[in-house]
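So the structure is just underneath, and the comments pick up after that.
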Amino acid sequence: ELKVEQNPLFLSMQEGKNYTIYCNYSTTSDRLYWYRQDPGKSLESLFVLLSNGAVKQEGRLMASLDTKARLSTLHITAAVHDLSATYFCAVDISPLMRFGAGTRLTVKP
Amino acid sequence: DTGVSQNPRHKITKRGQNVTFRCDPISEHNRLYWYRQTLGQGPEFLTYFQNEAQLEKSRLLSDRFSAERPKGSFSTLEIQRTEQGDSAMYLCASSTGSDYEQYFGPGTRLTVT
């Protein structure tokens with residue numbers, strides 16, 4: 001059975017600092033997604049990574065995919081309070097996705 | 001593009017009652033998915049439709065759960081004889097055949113008392 005493991009599950013960081021969230025998965029897949037979820041809200045798509053070596057950046061967030069290592073990373077640069085949320089990676093096993101447990105990020109002033 | 005909509009947004013019901021949720025996907029999205037999310041966890045896949053055909057069901061979808069997508073447009077998810085363990089957020093998502101990205105609705109939060 002496909003396993004998707006995110007770490008850390010909880011992350012508290014200071015504003016202005018950098019950090020990386022890791023997403024490991026246990027089966028072959030060429031597509032991986034990152035979503036953001038605010039408390040009580042639905043999922044907001046952040047990145048769609050479609051091939052090995054894919055790198056995408058939006059603002060202070062950058063995501064990458066290494067399909068050979070079965071690893072994706074979400075890097076946060078110079079964190080700000082507005083980034084506080086839960087971040088999920090999801091591995092495409094068409095037609096469905098398998099989600100990680102999420103990383104709950106808190107950015108403190 | 002009005003996005004994926006779900007109704008109701010919140011539902012409180014007593015154990016043993018039946019509930020039905022509705023999902024309206026993005027227009028012309030032929031794929032529709034239902035997920036369940038419990039507190040502190042990621043969404044878990046329940047079932048998937050391509051047009052009106054239900055092509056995949058998770059083992060999480062017990063006999064008390066049934067989903068339909070008549071005419072390949074909106075979908076309903078019914079839970080019969082609800083149990084407290086059914087309390088969760090039920091999320092609907094849709095996608096096109098060529099774009100694998102799934103777009104999520106706001107969810108229906110079910111509380112079974």
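Note on naming: chains are A, B, ... as they come in the structure tokens, residues start from 1 per chain, ligands start from 1 in the order shown.
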At a cut-off of 12 Å, can you tabulate as a Markdown table every residue of chain A near chain B together with its closest atom pair and the distance in Å to one decimal, using only C-alpha atoms and ordering rows by chain then number?
```
| residue | atom | partner | partner_atom | distance |
| --- | --- | --- | --- | --- |
| A:Val4 | CA | B:Gly42 | CA | 10.2 |
| A:Glu5 | CA | B:Gly42 | CA | 10.8 |
| A:Gln6 | CA | B:Gly42 | CA | 10.5 |
| A:Leu9 | CA | B:Gly40 | CA | 9.8 |
| A:Phe10 | CA | B:Gly40 | CA | 10.8 |
| A:Asp30 | CA | B:Tyr100 | CA | 11.6 |
| A:Arg31 | CA | B:Tyr100 | CA | 8.9 |
| A:Leu32 | CA | B:Glu101 | CA | 9.5 |
| A:Tyr33 | CA | B:Glu101 | CA | 8.0 |
| A:Trp34 | CA | B:Glu101 | CA | 10.5 |
| A:Tyr35 | CA | B:Phe104 | CA | 10.2 |
| A:Arg36 | CA | B:Gly42 | CA | 11.1 |
| A:Gln37 | CA | B:Gly42 | CA | 10.0 |
| A:Asp38 | CA | B:Pro106 | CA | 11.3 |
| A:Pro39 | CA | B:Leu39 | CA | 10.2 |
| A:Gly40 | CA | B:Arg109 | CA | 8.9 |
| A:Lys41 | CA | B:Pro106 | CA | 6.4 |
| A:Ser42 | CA | B:Pro106 | CA | 4.8 |
| A:Leu43 | CA | B:Phe104 | CA | 6.1 |
| A:Glu44 | CA | B:Phe104 | CA | 7.5 |
| A:Ser45 | CA | B:Tyr103 | CA | 7.5 |
| A:Leu46 | CA | B:Glu101 | CA | 10.8 |
| A:Phe47 | CA | B:Glu101 | CA | 9.6 |
| A:Val48 | CA | B:Glu101 | CA | 7.2 |
| A:Leu49 | CA | B:Glu101 | CA | 10.0 |
| A:Leu50 | CA | B:Tyr100 | CA | 9.6 |
| A:Thr86 | CA | B:Gly40 | CA | 9.4 |
| A:Tyr87 | CA | B:Gly42 | CA | 9.5 |
| A:Phe88 | CA | B:Gly42 | CA | 7.0 |
| A:Cys89 | CA | B:Gly42 | CA | 9.0 |
| A:Ala90 | CA | B:Gly42 | CA | 9.0 |
| A:Val91 | CA | B:Glu101 | CA | 11.1 |
| A:Asp92 | CA | B:Tyr100 | CA | 8.5 |
| A:Ile93 | CA | B:Tyr100 | CA | 10.4 |
| A:Ser94 | CA | B:Tyr100 | CA | 8.3 |
| A:Pro95 | CA | B:Tyr48 | CA | 7.6 |
| A:Leu96 | CA | B:Phe45 | CA | 7.0 |
| A:Met97 | CA | B:Phe45 | CA | 7.2 |
| A:Arg98 | CA | B:Glu44 | CA | 7.0 |
| A:Phe99 | CA | B:Gly42 | CA | 5.6 |
| A:Gly100 | CA | B:Gly42 | CA | 5.8 |
| A:Ala101 | CA | B:Gly42 | CA | 4.6 |
| A:Gly102 | CA | B:Gly42 | CA | 6.0 |
| A:Thr103 | CA | B:Gly40 | CA | 9.6 |
| A:Arg104 | CA | B:Gly40 | CA | 9.0 |
```
Contacts of region 61-73 of chain B at 9 Å or less, counting only C-alpha atoms, minus same-chain residues fewer than 3 places along, as a tab-separated table (two decimals) with C-alpha atoms, in the first residue's frame?
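The result, stored in around-v1.tsv:
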```tsv
chain	number	residue	atom	x	y	z
B	24	ASP	CA	-21.52	20.60	-7.91
B	25	PRO	CA	-18.24	20.33	-9.82
B	27	SER	CA	-18.55	23.00	-15.38
B	28	GLU	CA	-17.28	20.49	-17.92
B	29	HIS	CA	-15.09	18.67	-15.40
B	30	ASN	CA	-15.83	15.04	-16.14
B	31	ARG	CA	-14.04	13.63	-13.10
B	32	LEU	CA	-15.43	13.95	-9.59
B	34	TRP	CA	-15.12	12.40	-2.74
B	46	LEU	CA	-13.61	7.61	-0.82
B	47	THR	CA	-14.79	7.31	-4.40
B	49	PHE	CA	-16.64	9.17	-10.91
B	50	GLN	CA	-15.82	9.66	-14.53
B	51	ASN	CA	-18.93	11.21	-16.01
B	52	GLU	CA	-21.78	9.19	-14.49
B	53	ALA	CA	-19.78	6.01	-13.93
B	54	GLN	CA	-18.45	5.24	-10.47
B	57	LYS	CA	-14.36	2.94	-4.39
B	58	SER	CA	-12.19	2.85	-1.30
B	76	THR	CA	-24.57	13.13	-3.97
B	77	LEU	CA	-23.03	11.23	-1.10
B	78	GLU	CA	-25.46	9.54	1.28
B	79	ILE	CA	-24.60	8.06	4.64
B	80	GLN	CA	-27.21	5.79	6.17
B	81	ARG	CA	-27.54	5.04	9.88
B	82	THR	CA	-24.83	7.52	10.80
```
Practice task
Mind listing the strand (DSSP E) residues of region 3-95 of chain A, per DSSP on the backbone, as an NGL selection string?
Solution key: :A and (4-7 or 10-14 or 19-25 or 32-37 or 43-49 or 55-58 or 61-66 or 71-76 or 85-93)
Practice task
Measuring atom to atom with only C-alpha atoms, identify which of A:Gly59, A:Asn18, A:Ser51, A:Tyr25 is nearest to Leu71 (chain A).
Solution key: A:Tyr25
Handout entry: CA of Thr113 (chain B) to CA of Lys11 (chain B), straight-line distance in Å
Key =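 Rounded to one decimal, the two atoms are 10.7 Å apart.
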